[in-house]
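Below: coords.cif (mmCIF, C-alpha atoms)
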data_work
loop_
_atom_site.label_atom_id
_atom_site.label_comp_id
_atom_site.auth_asym_id
_atom_site.auth_seq_id
_atom_site.Cartn_x
_atom_site.Cartn_y
_atom_site.Cartn_z
CA MET A 1 10.36 31.66 1.65
CA ASP A 2 8.91 32.06 -1.86
CA TRP A 3 5.34 31.17 -0.84
CA ASP A 4 5.31 34.00 1.69
CA SER A 5 6.47 36.49 -0.93
CA SER A 6 3.88 35.16 -3.40
CA ALA A 7 1.05 34.90 -0.89
CA ARG A 8 -0.85 38.01 -1.95
CA ALA A 9 -0.74 37.08 -5.63
CA TRP A 10 -1.80 33.52 -4.80
CA ILE A 11 -4.79 34.67 -2.73
CA GLU A 12 -5.88 36.98 -5.54
CA ALA A 13 -5.48 34.23 -8.15
CA GLN A 14 -7.56 31.76 -6.11
CA GLY A 15 -10.35 34.16 -5.28
CA THR A 16 -13.29 32.66 -3.40
CA HIS A 17 -13.87 29.58 -5.53
CA GLY A 18 -10.36 28.56 -6.59
CA ASP A 19 -8.60 28.51 -9.95
CA PHE A 20 -9.58 26.48 -13.02
CA SER A 21 -7.83 23.29 -11.90
CA ARG A 22 -9.57 23.25 -8.55
CA ARG A 23 -12.97 24.61 -9.53
CA ARG A 24 -13.52 22.68 -12.76
CA VAL A 25 -11.38 19.54 -12.42
CA LEU A 26 -10.43 18.52 -8.89
CA ASP A 27 -12.87 19.83 -6.27
CA VAL A 28 -15.75 17.45 -6.96
CA PRO A 29 -13.74 14.18 -7.13
CA MET A 30 -11.59 15.18 -4.15
CA LEU A 31 -14.65 16.00 -2.06
CA ASP A 32 -16.30 12.76 -3.18
CA ARG A 33 -13.37 10.70 -1.89
CA VAL A 34 -13.37 12.46 1.48
CA HIS A 35 -17.12 12.09 1.90
CA ALA A 36 -16.98 8.41 0.89
CA PHE A 37 -14.38 7.62 3.55
CA ALA A 38 -16.03 9.95 6.13
CA PRO A 39 -13.00 10.61 8.34
CA ARG A 40 -13.54 11.99 11.83
CA ALA A 41 -10.07 13.60 11.92
CA LEU A 42 -8.44 15.00 8.76
CA LEU A 43 -5.19 16.85 8.07
CA ASP A 44 -4.96 19.13 5.03
CA LEU A 45 -1.24 19.04 4.30
CA GLY A 46 -0.15 22.28 2.62
CA CYS A 47 -3.50 23.95 3.15
CA GLY A 48 -2.39 27.36 1.88
CA GLU A 49 -5.08 29.96 2.41
CA GLY A 50 -7.46 27.25 3.66
CA ARG A 51 -9.93 27.04 0.78
CA PHE A 52 -10.27 23.23 0.78
CA CYS A 53 -10.61 23.18 4.56
CA ARG A 54 -13.54 25.55 4.26
CA LEU A 55 -15.19 23.19 1.79
CA LEU A 56 -14.81 20.37 4.33
CA ALA A 57 -15.71 22.31 7.45
CA ASP A 58 -19.28 21.03 7.80
CA ASN A 59 -18.39 17.37 7.28
CA VAL A 60 -15.29 16.64 9.39
CA GLU A 61 -15.31 16.67 13.19
CA THR A 62 -11.60 17.43 13.68
CA LEU A 63 -10.16 19.40 10.78
CA VAL A 64 -6.58 20.68 10.76
CA GLY A 65 -4.78 22.63 8.06
CA LEU A 66 -0.98 22.82 8.07
CA ASP A 67 1.25 25.07 5.96
CA PRO A 68 4.80 26.47 6.14
CA SER A 69 3.70 29.93 4.91
CA LYS A 70 2.74 32.27 7.73
CA ALA A 71 1.27 34.72 5.24
CA LEU A 72 -1.10 32.13 3.78
CA LEU A 73 -2.02 30.85 7.24
CA SER A 74 -2.90 34.38 8.29
CA ARG A 75 -5.50 34.49 5.51
CA ALA A 76 -6.73 30.99 6.40
CA ARG A 77 -7.26 31.95 10.04
CA GLU A 78 -9.02 35.13 9.00
CA LEU A 79 -11.57 33.13 6.99
CA GLY A 80 -11.80 30.22 9.45
CA GLY A 81 -13.20 26.75 8.92
CA ALA A 82 -10.50 24.70 10.66
CA GLN A 83 -7.63 24.72 13.13
CA PHE A 84 -4.63 26.08 11.26
CA VAL A 85 -1.09 25.11 12.28
CA HIS A 86 2.27 26.41 11.13
CA GLY A 87 4.69 23.63 10.22
CA ARG A 88 6.40 21.62 7.54
CA ALA A 89 5.43 18.31 6.01
CA GLU A 90 8.90 16.91 6.70
CA ALA A 91 8.39 17.22 10.50
CA LEU A 92 4.69 17.19 11.35
CA PRO A 93 3.90 18.54 14.85
CA PHE A 94 1.40 15.77 15.64
CA GLU A 95 1.44 12.51 17.59
CA ARG A 96 1.54 9.13 15.88
CA ALA A 97 -1.83 7.88 14.57
CA THR A 98 -3.63 11.21 14.97
CA PHE A 99 -5.62 11.33 11.71
CA ASP A 100 -8.01 9.09 9.81
CA MET A 101 -7.12 10.88 6.57
CA VAL A 102 -4.34 13.12 5.27
CA VAL A 103 -5.11 15.18 2.18
CA SER A 104 -2.53 16.85 -0.04
CA TYR A 105 -4.26 19.04 -2.62
CA LEU A 106 -1.62 19.99 -5.21
CA SER A 107 0.99 20.45 -2.48
CA LEU A 108 3.34 17.45 -2.87
CA LEU A 109 5.13 19.22 -5.71
CA ASP A 110 6.02 22.06 -3.29
CA ILE A 111 7.82 19.77 -0.83
CA GLU A 112 11.57 19.42 -1.23
CA GLY A 113 12.07 16.73 1.42
CA ILE A 114 9.41 14.44 -0.01
CA GLU A 115 10.73 11.17 1.45
CA ALA A 116 10.66 12.57 4.98
CA ALA A 117 7.19 13.97 4.29
CA LEU A 118 5.87 10.58 3.17
CA ASP A 119 7.35 9.03 6.32
CA GLU A 120 5.49 11.63 8.37
CA VAL A 121 2.21 11.03 6.56
CA ARG A 122 2.52 7.33 7.31
CA ARG A 123 3.34 8.09 10.97
CA VAL A 124 0.37 10.36 11.69
CA LEU A 125 -2.19 8.14 9.92
CA ARG A 126 -4.21 5.74 12.03
CA PRO A 127 -4.19 2.04 11.01
CA GLY A 128 -6.28 1.73 7.87
CA GLY A 129 -6.27 5.51 7.37
CA ARG A 130 -6.17 7.08 3.93
CA PHE A 131 -3.71 9.39 2.19
CA LEU A 132 -5.55 11.26 -0.55
CA PHE A 133 -3.69 13.56 -2.90
CA ALA A 134 -4.13 15.50 -6.08
CA ASN A 135 -0.97 16.18 -8.03
CA LEU A 136 0.23 17.45 -11.38
CA THR A 137 1.31 14.62 -13.65
CA GLY A 138 5.01 14.10 -14.24
CA PHE A 139 4.60 15.13 -17.87
CA ALA A 140 3.13 18.44 -16.70
CA THR A 141 5.95 19.26 -14.29
CA ALA A 142 8.61 18.09 -16.75
CA SER A 143 7.20 20.48 -19.36
CA ASP A 144 6.64 23.37 -16.91
CA ILE A 145 3.07 24.20 -17.89
CA LYS A 146 2.79 26.98 -15.32
CA SER A 147 5.43 29.04 -17.12
CA GLY A 148 3.93 28.59 -20.58
CA GLY A 149 5.56 25.31 -21.53
CA TRP A 150 2.41 24.06 -23.27
CA ARG A 151 0.80 25.52 -26.41
CA VAL A 152 -2.84 25.01 -27.32
CA GLN A 153 -3.27 24.28 -31.04
CA PRO A 154 -6.22 25.55 -33.13
CA ASP A 155 -7.99 22.19 -32.86
CA GLY A 156 -7.66 22.12 -29.08
CA ALA A 157 -4.70 19.75 -29.00
CA ARG A 158 -1.66 20.62 -26.88
CA LYS A 159 1.96 20.81 -27.92
CA ILE A 160 4.42 20.14 -25.14
CA ILE A 161 8.15 19.70 -24.74
CA VAL A 162 9.14 17.25 -21.99
CA ARG A 163 12.66 17.13 -20.59
CA ARG A 164 14.33 15.11 -17.82
CA TYR A 165 11.13 13.19 -17.02
CA LEU A 166 12.82 10.36 -15.12
CA GLU A 167 15.05 12.70 -13.08
CA PRO A 168 13.54 14.40 -10.01
CA HIS A 169 14.54 18.06 -10.08
CA ALA A 170 13.51 21.55 -9.01
CA VAL A 171 11.42 23.67 -11.38
CA LYS A 172 10.96 27.42 -11.06
CA ALA A 173 7.28 28.12 -11.70
CA GLU A 174 5.95 31.59 -12.51
CA TRP A 175 2.37 32.60 -13.29
CA LYS A 176 0.03 35.49 -12.37
CA GLY A 177 2.66 37.22 -10.22
CA ILE A 178 3.45 34.01 -8.33
CA THR A 179 7.03 32.73 -8.28
CA VAL A 180 7.72 29.47 -6.44
CA THR A 181 9.88 26.37 -6.64
CA ASN A 182 8.08 23.17 -7.59
CA TRP A 183 9.59 19.68 -7.67
CA HIS A 184 9.22 17.43 -10.66
CA ARG A 185 9.03 13.72 -9.92
CA PRO A 186 7.91 10.93 -12.27
CA LEU A 187 4.86 8.87 -11.40
CA SER A 188 7.10 5.90 -10.61
CA PHE A 189 8.69 7.91 -7.77
CA TYR A 190 5.43 8.22 -5.86
CA MET A 191 4.34 4.67 -6.62
CA THR A 192 7.65 3.18 -5.45
CA HIS A 193 7.98 5.24 -2.29
CA LEU A 194 4.41 4.70 -1.12
CA LEU A 195 4.58 0.96 -1.78
CA GLU A 196 7.86 0.81 0.16
CA ARG A 197 6.04 2.34 3.12
CA GLY A 198 3.47 -0.45 3.14
CA MET A 199 0.68 1.63 1.63
CA THR A 200 -2.01 0.10 -0.61
CA LEU A 201 -3.46 1.97 -3.58
CA THR A 202 -7.26 2.20 -3.21
CA HIS A 203 -8.15 4.77 -5.87
CA PHE A 204 -6.63 6.32 -8.99
CA ASP A 205 -8.21 8.87 -11.31
CA GLU A 206 -7.30 11.35 -14.03
CA PRO A 207 -10.41 13.53 -13.77
CA ALA A 208 -11.78 15.43 -16.76
CA VAL A 209 -13.71 18.67 -17.03
CA PRO A 210 -17.38 17.65 -17.09
CA GLU A 211 -19.26 19.05 -20.09
CA PRO A 212 -16.47 21.36 -21.35
CA ALA A 213 -17.85 24.77 -22.23
CA ASP A 214 -15.02 26.36 -24.22
CA LEU A 215 -11.70 25.69 -25.99
CA LYS A 216 -9.69 25.85 -22.76
CA GLU A 217 -11.82 23.16 -21.16
CA GLN A 218 -11.79 21.03 -24.31
CA ALA A 219 -8.01 21.37 -24.48
CA TYR A 220 -7.69 20.16 -20.90
CA ASN A 221 -9.66 17.01 -21.68
CA ASN A 222 -7.47 16.38 -24.74
CA ALA A 223 -4.38 16.33 -22.52
CA PRO A 224 -5.28 16.18 -18.80
CA TYR A 225 -2.41 17.10 -16.52
CA GLN A 226 -3.74 16.30 -13.03
CA LEU A 227 -4.31 13.06 -11.17
CA ILE A 228 -5.81 11.83 -7.92
CA MET A 229 -4.55 8.91 -5.85
CA GLU A 230 -5.74 7.48 -2.55
CA TRP A 231 -3.61 5.12 -0.47
CA GLN A 232 -4.49 3.10 2.61
CA ALA A 233 -2.17 2.72 5.58
CA PRO A 234 -1.52 -0.81 6.90
CA GLY A 235 -3.75 -2.21 9.61
#
As structure tokens, please, write out the structure in this file.
Amino acid sequence: MDWDSSARAWIEAQGTHGDFSRRRVLDVPMLDRVHAFAPRALLDLGCGEGRFCRLLADNVETLVGLDPSKALLSRARELGGAQFVHGRAEALPFERATFDMVVSYLSLLDIEGIEAALDEVRRVLRPGGRFLFANLTGFATASDIKSGGWRVQPDGARKIIVRRYLEPHAVKAEWKGITVTNWHRPLSFYMTHLLERGMTLTHFDEPAVPEPADLKEQAYNNAPYQLIMEWQAPG
């Protein structure tokens, strides 16, 4: 499994506080959505080394992190903060209606069997529960930003080349010693499949870097490449 072979590089890249995307763009709005809903039982789907679970540890009564990488789970268990379970999103090892909220923090693009995974999310959510996820935009995955597909211009603008946007496909992503397979899917894919499962969109955001301090942060706000969506289960 590529995430096991890349686990050490991933842990080093994340450090204690997470990479740029998490630390400067996504952490605050993701935490805000969790705190606003105040779930008693939450599943972090694709928890990796457990960083987001540790941020939630003081605010959620029953907190579970799940990941298919044993190497990343080993680090998560070492640092604590939640119950960590080995498993795959396509076949969650939990009973129906177990969680008030399922969170996927930049992990949907790692899941090959996404339709089965969305079925499983719907199954383990309690009636009225929320599915909160952060994801790279389709333009980002179609241009392969992780492998240098974007170029920052002198004025902070970004130059990108987008290919096969409407066609879901695998993308080999390489950065900072990490080599994994991501899955590009257009925004319409997620919208269609979640609506078909009876979910209702309750929140959408394309968060910016607050008070950008340098060219990198200014460039991100010129062409943001991450989004947040929250969906409510029926009932």
message = I want to know what sits within 10 Å of range 192-203 of chain A, based on only C-alpha atoms, with residues of the same chain fewer than 5 positions away left out; could you give that as an NGL selection string?
response = :A and (33 or 114-115 or 118-119 or 122 or 128-132 or 187 or 228-235)
request  = Grab the CA of Thr179 in chain A to CA of Asp4 in chain A distance for me, in Å with one decimal place.
outcome  =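 Computing the Euclidean distance for CA of Thr179 in chain A and CA of Asp4 in chain A yields 10.2 Å.
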request  = Kindly extract all protein, DNA and RNA residues lying within 12 Å of the coordinates (1.6, 30.9, -10.5) given in the file, considering all atoms listed in the file, and supply them as a PyMOL selection string.
outcome  = chain A and resi 2-3+6-14+19+144-148+172-182
request  = Find the distance between CA of Pro168 in chain A and CA of Arg185 in chain A and write it in Å to one decimal.
outcome  =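 Taking CA of Pro168 in chain A as the start and CA of Arg185 in chain A as the end point, the length is 4.6 Å.
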key: One-decimal distance in Å that lies between CA of Asn135 in chain A and CA of Tyr190 in chain A   = 10.4 Å
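Compared by their closest atoms to Ala116 in chain A, and using all atoms listed in the file, the residues A:Arg88, A:Arg96, A:Lys216, A:Arg164 rank with A:Arg88 nearest.
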task = Evaluate the PyMOL selection byres ((chain A and resi 186) around 9) on the structure here and hand back the selected residues as a PyMOL selection string.
result = chain A and resi 137-139+141-142+165-168+184-185+187-190
ask   = Do you know which residues the PyMOL selection byres ((chain A and resi 45) around 7) returns on this file, as a list in words?
value =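 Against this file, the PyMOL selection byres ((chain A and resi 45) around 7) returns the residues Leu43, Asp44, Gly46, Cys47, Gly65, Leu66, Asp67, Ala89, Val102, Val103 and Ser104 of chain A.
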inquiry  = At a cut-off of 10 Å, using only C-alpha atoms, what residues contact Leu31 in chain A? Leave out same-chain residues fewer than 5 positions from it and give the result as a list in words.
reply    = Leu26, Ala36, Phe52, Leu55 and Leu56 of chain A
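Each of A:Ile161, A:Leu109, A:Arg75, A:Arg151 was compared to Gln226 in chain A using all atoms listed in the file, and A:Leu109 turns out to be the nearest.
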Nearest candidate to Val121 in chain A (options A:Ser21, A:Pro68, A:Leu108, A:Leu92; using only C-alpha atoms) =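 Smallest distance to Val121 in chain A is found for A:Leu92.
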key: Residue among A:Ala38, A:Met30, A:Ala76, A:Ala71 lying closest to Leu106 in chain A, counting all atoms listed in the file   = A:Met30
inquiry  = Selection in question (the file shown): the PyMOL selection byres ((chain A and resi 61) around 7). Which residues does it include, as a list of chain:residue names?
reply    =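 Matching residues under the PyMOL selection byres ((chain A and resi 61) around 7) are A:Arg40, A:Ala41, A:Asn59, A:Val60, A:Thr62, A:Leu63.
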ask   = In terms of the shortest atom-to-atom distance over all atoms listed in the file, which of A:Ala208, A:Leu73, A:Ala91, A:Leu42 is closest to Pro224 in chain A?
value =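 Ranked by minimum distance to Pro224 in chain A, first place goes to A:Ala208.
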query = So, counting all atoms listed in the file, which residue among A:Phe99, A:Arg54, A:Ala134, A:His35 is closest to Arg22 in chain A?
reply =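 Under the stated criterion, the closest residue is A:Ala134.
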Surrounding residues of Glu211 in chain A excluding itself and chain neighbours under 5 positions, 12 Å, only C-alpha atoms, as an NGL selection string = :A and (24-25 or 217-218 or 220-221)
Build an axis-aligned box that encloses every atom of range 43-53 of chain A listed in the file, pad it by 4 Å on each side, and report its centre and edge lengths in Å to one decimal, as AutoDock Vina command-line options.
--center_x -5.4 --center_y 23.4 --center_z 4.4 --size_x 18.5 --size_y 21.1 --size_z 15.3
